[in-house]
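J.: One structure is given below, represented as structure tokens, and several questions about it will come after.
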Amino acid sequence: MLADFEPKGEVARAYQVYRHAIGAAKDDLLYEEPDERFNLDVRRSRSRDFMFVASVSHTTTEVRFLPASDPFATPALVQAREAGHEYYVDHRGGLFYIRTNSTGRNFRLVTAPVWSPRKENWTEVVPHRDDVMLLDIDLFANHLVRHEREGGLPQIVVRDLRNRQERKLPVPEPDYELRPYHNEDWDPPSLRVEYQSPVTPRSEYDVDFASAEWKLVKRDPVLNYDPGRYEVERVWSIARDGTRVPVAVVHAKGAARDGKAPLFLYAYGAYGFPYPDTFDSRRFSLIDRGVTFAIAHIRGGGELGKKWHDQGRMMNKMNTFTDFVASAEYLVAQRYTSKDRLAITGGSAGGLLMGAVTNMRPDLFKTVVTYVPFVDVINTMLDETLPLTVPEFEEWGNPKKPDEYRYIKQYSPYDNVGAKAYPIMLVRSSYNDSQVMYWEPAKYVAKLRSLKTDSNPLLFKINMDPAGHGGMSGRYDRLKDVAYDYAFILEQLVGLQQIAQPAHPQMEPEGTRQLGID
């Protein structure tokens, strides 16, 4: 059996699943999802015993299943959809393991008999916890692996299902990204994980289920990179309502905290997406020239669980912007940088963030770089022919509803451009972007140019060659985009004379540095 998705007209939504018999002239429609807020997802359990068809919106799910051994079976329902109830299903033995938010936003884990998986037959395995987000699970013949977030950082917990003993995998750095990697076997001796940090290249490890020993399998090579030259910090800014907001800070080891260093601050803060603190070798072109790089994990993302998302979406979206302002003010107050040396950046929903905070606090930033920015929120969310509009009523709100219209109007960047001085700005877009249409940043820039009272540069650069929401698509063309942006940033923050040469001598190759995980 092959499952397939059919796009509905011009709308990029997976809404149909077909069953294909090898050699058959016609495919059979297995299931169709009529609600435009939902997309369909199809997968097979690692046990290889079941197929799952999940209807998924931003806030609600509904799962159907059928035996993989009988592809002509009618999909059976696990639990009927309820507004706001998300649940996800996996299989082992005679049980379904179900990750559900039925008793709390951060999810718990329950089991149900395969023959009767409805909610009344659920048995709790891992309870809901206010301070721990249960992100996902991986089931194996003898082990249950939980992927969680605690204190804003990812954790992996391994439970032996034979004796119920469990251990949390240790990590050696204050800020990092850790996740289960490709684990296709049903009964493996070890768990493959992916580990990296802002200063440690992406690495793959096998963690032995019996001994918990970490074995390095592969590390991405980075030419002329010496990790000993850099360090990562994890600090916390304080939002205006007292909420603590985590910030990752990367700089040259021993860099002075005297307020003189230029700093490049990034954030996203939307869709409940926990932005990962990963390794990016390109950043060191800035760091080697004295720039500090930082990521603010503001509300609207998922770094501290579902509540972190809830507190930064819909009628709480202003928290996203005030969290970012508080993070920037914290970095200035702690003398990581100063206002006249601070550049900020974000793309797509992060471009919305850039537009909102630039309207709110144009005095706080020297330079703003924004990519494919979602800046005309009201007009875009009124156009239901666009592929993302209807599903995202649950993220931004529906401006056809008066209360939601008034709230969106408070922060929509295009609607709040005013006659005042703005920072130096670079706005980037792509002619072929199917998610944020090119005219959205174009009209935003036009309005800025007509109203702003300063003489600061305002550049609008649109890719006319093949390029989409993620920029240019060629393997090396993307580097040209980065080089352009970094040259712009460095010219504003450190001056042309320092762009050509990094601040330190030629680095030695990385060699065989280990992480030191016990």
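Letters for chains follow the order of the structure tokens (A, B, ...), residue numbers begin at 1 for each chain, and ligand numbers begin at 1 in the order shown.
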Select from stretch 183-219 of chain A every residue with an atom at most 12 Å from any atom of stretch 263-286 of chain A, then for each give the shortest pair of atoms and their distance in Å to one decimal, using only C-alpha atoms, rows by chain and rising number, as JSON lines.
T.:
```
{"residue": "A:Glu194", "atom": "CA", "partner": "A:Thr278", "partner_atom": "CA", "distance": 10.7}
{"residue": "A:Tyr195", "atom": "CA", "partner": "A:Thr278", "partner_atom": "CA", "distance": 8.7}
{"residue": "A:Gln196", "atom": "CA", "partner": "A:Thr278", "partner_atom": "CA", "distance": 5.8}
{"residue": "A:Ser197", "atom": "CA", "partner": "A:Thr278", "partner_atom": "CA", "distance": 4.9}
{"residue": "A:Pro198", "atom": "CA", "partner": "A:Phe279", "partner_atom": "CA", "distance": 4.3}
{"residue": "A:Val199", "atom": "CA", "partner": "A:Phe279", "partner_atom": "CA", "distance": 6.0}
{"residue": "A:Thr200", "atom": "CA", "partner": "A:Phe279", "partner_atom": "CA", "distance": 6.2}
{"residue": "A:Pro201", "atom": "CA", "partner": "A:Phe279", "partner_atom": "CA", "distance": 5.4}
{"residue": "A:Arg202", "atom": "CA", "partner": "A:Phe279", "partner_atom": "CA", "distance": 6.5}
{"residue": "A:Ser203", "atom": "CA", "partner": "A:Phe279", "partner_atom": "CA", "distance": 10.0}
{"residue": "A:Arg219", "atom": "CA", "partner": "A:Phe279", "partner_atom": "CA", "distance": 11.6}
```
J.: Write out as a PyMOL selection string which residues come within 12 Å of A:Asp138 when counting only C-alpha atoms, dropping same-chain ones fewer than 2 positions away.
T.: chain A and resi 45-47+88-92+97-99+109+134-136+140-148+156-159+179-187+191-193
J.: Output N, CA, C and O atoms of each residue in that selection to a file, as a short mmCIF file (atom, residue, chain, number, x, y, z; two decimals), in the first residue's frame.
T.:
```
data_model
loop_
_atom_site.label_atom_id
_atom_site.label_comp_id
_atom_site.auth_asym_id
_atom_site.auth_seq_id
_atom_site.Cartn_x
_atom_site.Cartn_y
_atom_site.Cartn_z
N SER A 45 4.03 2.75 12.25
CA SER A 45 4.69 2.59 13.55
C SER A 45 6.03 1.88 13.38
O SER A 45 6.21 1.09 12.43
N ARG A 46 6.96 2.15 14.28
CA ARG A 46 8.25 1.48 14.23
C ARG A 46 8.10 -0.04 14.40
O ARG A 46 8.90 -0.82 13.88
N SER A 47 7.06 -0.45 15.10
CA SER A 47 6.78 -1.88 15.24
C SER A 47 6.36 -2.50 13.90
O SER A 47 6.35 -3.72 13.77
N TYR A 88 -1.28 12.15 19.99
CA TYR A 88 -0.44 11.50 18.99
C TYR A 88 -0.21 10.06 19.44
O TYR A 88 -0.04 9.80 20.63
N VAL A 89 -0.20 9.12 18.48
CA VAL A 89 -0.29 7.70 18.81
C VAL A 89 0.90 6.92 18.26
O VAL A 89 1.36 7.15 17.13
N ASP A 90 1.41 5.98 19.07
CA ASP A 90 2.42 5.02 18.64
C ASP A 90 2.01 3.64 19.17
O ASP A 90 1.04 3.53 19.93
N HIS A 91 2.77 2.60 18.82
CA HIS A 91 2.33 1.25 19.14
C HIS A 91 3.48 0.38 19.65
O HIS A 91 4.62 0.47 19.18
N ARG A 92 3.15 -0.47 20.62
CA ARG A 92 4.05 -1.54 21.09
C ARG A 92 3.19 -2.64 21.70
O ARG A 92 2.37 -2.37 22.59
N TYR A 97 0.45 3.76 22.67
CA TYR A 97 1.00 4.77 23.57
C TYR A 97 0.57 6.12 23.01
O TYR A 97 0.86 6.44 21.84
N ILE A 98 -0.10 6.91 23.83
CA ILE A 98 -0.74 8.13 23.36
C ILE A 98 -0.21 9.34 24.14
O ILE A 98 -0.33 9.39 25.37
N ARG A 99 0.38 10.27 23.43
CA ARG A 99 0.81 11.54 24.03
C ARG A 99 -0.35 12.52 23.89
O ARG A 99 -0.78 12.83 22.78
N LEU A 109 1.57 11.07 29.07
CA LEU A 109 1.63 9.85 28.28
C LEU A 109 0.70 8.82 28.88
O LEU A 109 0.74 8.56 30.10
N LEU A 134 6.45 17.46 27.36
CA LEU A 134 6.67 16.18 26.69
C LEU A 134 6.51 16.39 25.19
O LEU A 134 5.41 16.47 24.67
N LEU A 135 7.64 16.50 24.49
CA LEU A 135 7.63 16.85 23.07
C LEU A 135 7.25 15.68 22.17
O LEU A 135 6.51 15.84 21.20
N ASP A 136 7.78 14.49 22.48
CA ASP A 136 7.57 13.35 21.60
C ASP A 136 8.04 12.09 22.32
O ASP A 136 8.70 12.17 23.37
N PHE A 140 10.51 1.40 21.30
CA PHE A 140 11.30 0.29 20.79
C PHE A 140 10.82 -1.00 21.47
O PHE A 140 9.97 -0.97 22.36
N ALA A 141 11.39 -2.11 21.07
CA ALA A 141 10.95 -3.41 21.61
C ALA A 141 11.04 -3.44 23.13
O ALA A 141 10.14 -3.97 23.80
N ASN A 142 12.11 -2.84 23.69
CA ASN A 142 12.32 -2.91 25.14
C ASN A 142 12.47 -1.55 25.82
O ASN A 142 12.70 -1.51 27.02
N HIS A 143 12.35 -0.47 25.05
CA HIS A 143 12.62 0.84 25.63
C HIS A 143 11.61 1.88 25.16
O HIS A 143 11.10 1.82 24.04
N LEU A 144 11.37 2.83 26.06
CA LEU A 144 10.57 4.01 25.77
C LEU A 144 11.49 5.22 25.91
O LEU A 144 12.12 5.41 26.96
N VAL A 145 11.59 6.02 24.86
CA VAL A 145 12.44 7.21 24.88
C VAL A 145 11.53 8.44 24.83
O VAL A 145 10.70 8.57 23.93
N ARG A 146 11.70 9.33 25.82
CA ARG A 146 10.92 10.57 25.87
C ARG A 146 11.81 11.74 25.48
O ARG A 146 12.91 11.91 26.00
N HIS A 147 11.30 12.55 24.57
CA HIS A 147 11.97 13.79 24.19
C HIS A 147 11.22 14.92 24.88
O HIS A 147 10.04 15.16 24.61
N GLU A 148 11.89 15.62 25.80
CA GLU A 148 11.23 16.62 26.65
C GLU A 148 11.99 17.94 26.61
O GLU A 148 13.11 18.02 26.12
N ILE A 156 16.56 14.15 26.98
CA ILE A 156 16.15 12.82 26.53
C ILE A 156 16.17 11.89 27.73
O ILE A 156 17.17 11.80 28.45
N VAL A 157 15.04 11.21 27.96
CA VAL A 157 14.89 10.28 29.07
C VAL A 157 14.61 8.90 28.49
O VAL A 157 13.70 8.73 27.67
N VAL A 158 15.41 7.90 28.92
CA VAL A 158 15.27 6.54 28.42
C VAL A 158 14.73 5.66 29.54
O VAL A 158 15.30 5.61 30.64
N ARG A 159 13.63 4.95 29.26
CA ARG A 159 13.06 4.01 30.23
C ARG A 159 13.15 2.59 29.68
O ARG A 159 12.75 2.32 28.54
N ARG A 179 18.54 15.81 20.32
CA ARG A 179 17.31 15.16 19.86
C ARG A 179 17.62 13.73 19.41
O ARG A 179 18.74 13.46 18.97
N PRO A 180 16.64 12.83 19.50
CA PRO A 180 16.82 11.52 18.86
C PRO A 180 16.97 11.71 17.36
O PRO A 180 16.33 12.58 16.76
N TYR A 181 17.83 10.90 16.76
CA TYR A 181 18.08 11.04 15.32
C TYR A 181 17.35 9.93 14.58
O TYR A 181 16.25 9.55 14.95
N HIS A 182 17.93 9.36 13.53
CA HIS A 182 17.27 8.30 12.76
C HIS A 182 17.41 6.98 13.50
O HIS A 182 18.50 6.42 13.59
N ASN A 183 16.30 6.49 14.02
CA ASN A 183 16.28 5.23 14.76
C ASN A 183 15.18 4.36 14.17
O ASN A 183 14.05 4.33 14.65
N GLU A 184 15.51 3.66 13.09
CA GLU A 184 14.50 2.91 12.35
C GLU A 184 14.33 1.49 12.87
O GLU A 184 13.27 0.88 12.66
N ASP A 185 15.36 0.92 13.51
CA ASP A 185 15.28 -0.47 13.96
C ASP A 185 14.35 -0.59 15.16
O ASP A 185 14.29 0.28 16.02
N TRP A 186 13.67 -1.75 15.24
CA TRP A 186 12.73 -1.99 16.32
C TRP A 186 13.42 -2.42 17.60
O TRP A 186 13.00 -2.04 18.70
N ASP A 187 14.51 -3.15 17.51
CA ASP A 187 15.19 -3.65 18.71
C ASP A 187 16.69 -3.39 18.61
O ASP A 187 17.50 -4.32 18.52
N LEU A 191 20.70 3.96 21.13
CA LEU A 191 19.88 5.05 20.60
C LEU A 191 20.78 6.04 19.86
O LEU A 191 21.77 6.51 20.41
N ARG A 192 20.45 6.33 18.62
CA ARG A 192 21.20 7.35 17.88
C ARG A 192 20.64 8.73 18.22
O ARG A 192 19.43 8.96 18.13
N VAL A 193 21.52 9.64 18.66
CA VAL A 193 21.11 11.00 18.99
C VAL A 193 21.95 11.99 18.20
O VAL A 193 23.07 11.70 17.79
#
```
J.: Determine which residues of stretch 196-325 of chain A DSSP labels as helix (DSSP H, G or I) from the backbone of this structure, then write them out as a list of chain:residue names.
T.: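 After running DSSP on the backbone, stretch 196-325 of chain A has helix (DSSP H, G or I) at A:Pro227, A:Gly228, A:Arg229, A:Ser281, A:Arg282, A:Arg283, A:Phe284, A:Ser285, A:Leu286, A:Ile287, A:Lys306, A:Lys307, A:Trp308, A:His309, A:Asp310, A:Met314, A:Met315, A:Asn316, A:Met318, A:Asn319, A:Thr320, A:Phe321, A:Thr322, A:Asp323, A:Phe324, A:Val325.
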J.: Would you save the residues of that selection, restricted to C-alpha atoms, as an mmCIF file, in the first residue's frame?
T.:
```cif
data_model
loop_
_atom_site.group_PDB
_atom_site.id
_atom_site.type_symbol
_atom_site.label_atom_id
_atom_site.label_comp_id
_atom_site.auth_asym_id
_atom_site.auth_seq_id
_atom_site.Cartn_x
_atom_site.Cartn_y
_atom_site.Cartn_z
ATOM 1 C CA PRO A 227 36.109 25.536 19.325
ATOM 2 C CA GLY A 228 38.460 26.564 22.126
ATOM 3 C CA ARG A 229 38.344 30.134 20.840
ATOM 4 C CA SER A 281 29.763 27.955 10.949
ATOM 5 C CA ARG A 282 28.772 31.094 9.035
ATOM 6 C CA ARG A 283 28.250 33.058 12.257
ATOM 7 C CA PHE A 284 31.951 32.930 13.061
ATOM 8 C CA SER A 285 32.638 35.282 10.178
ATOM 9 C CA LEU A 286 30.939 37.862 12.418
ATOM 10 C CA ILE A 287 32.250 36.594 15.758
ATOM 11 C CA LYS A 306 2.858 24.945 25.441
ATOM 12 C CA LYS A 307 2.186 27.709 27.935
ATOM 13 C CA TRP A 308 5.158 29.590 26.461
ATOM 14 C CA HIS A 309 3.363 29.419 23.121
ATOM 15 C CA ASP A 310 -0.038 30.328 24.574
ATOM 16 C CA MET A 314 -3.636 35.294 19.656
ATOM 17 C CA MET A 315 -4.666 37.876 22.277
ATOM 18 C CA ASN A 316 -1.308 37.527 24.063
ATOM 19 C CA MET A 318 2.201 41.537 22.451
ATOM 20 C CA ASN A 319 4.259 39.490 24.931
ATOM 21 C CA THR A 320 6.410 38.310 22.020
ATOM 22 C CA PHE A 321 7.433 41.859 21.198
ATOM 23 C CA THR A 322 7.892 43.128 24.749
ATOM 24 C CA ASP A 323 9.971 40.016 25.580
ATOM 25 C CA PHE A 324 12.299 40.850 22.694
ATOM 26 C CA VAL A 325 12.622 44.476 23.787
#
```
J.: Quick one: pull the distance between atom CA of A:Arg162 and atom CA of A:Phe96, Å, one decimal.
T.: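 Going from atom CA of A:Arg162 over to atom CA of A:Phe96 covers 17.0 Å.
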J.: Could you write out, as a ChimeraX atom specification, all the residues of stretch 235-312 of chain A that DSSP marks as strand (DSSP E)?
T.: /A:235-238,244-252,263-266,292-296
J.: Which residues are near stretch 70-85 of chain A? Cut-off 8 Å, only C-alpha atoms, ignore same chain within fewer than 3 positions. Put them as a list of chain:residue names.
T.: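 Non-adjacent residues within range: A:Met1, A:Arg19, A:Leu30, A:Thr59, A:Thr60, A:Thr61, A:Glu62, A:Val63, A:Arg64, A:Phe65, A:Leu66, A:Pro67, A:Thr100, A:Asn101, A:Ser102, A:Pro117, A:Arg118, A:Lys119.
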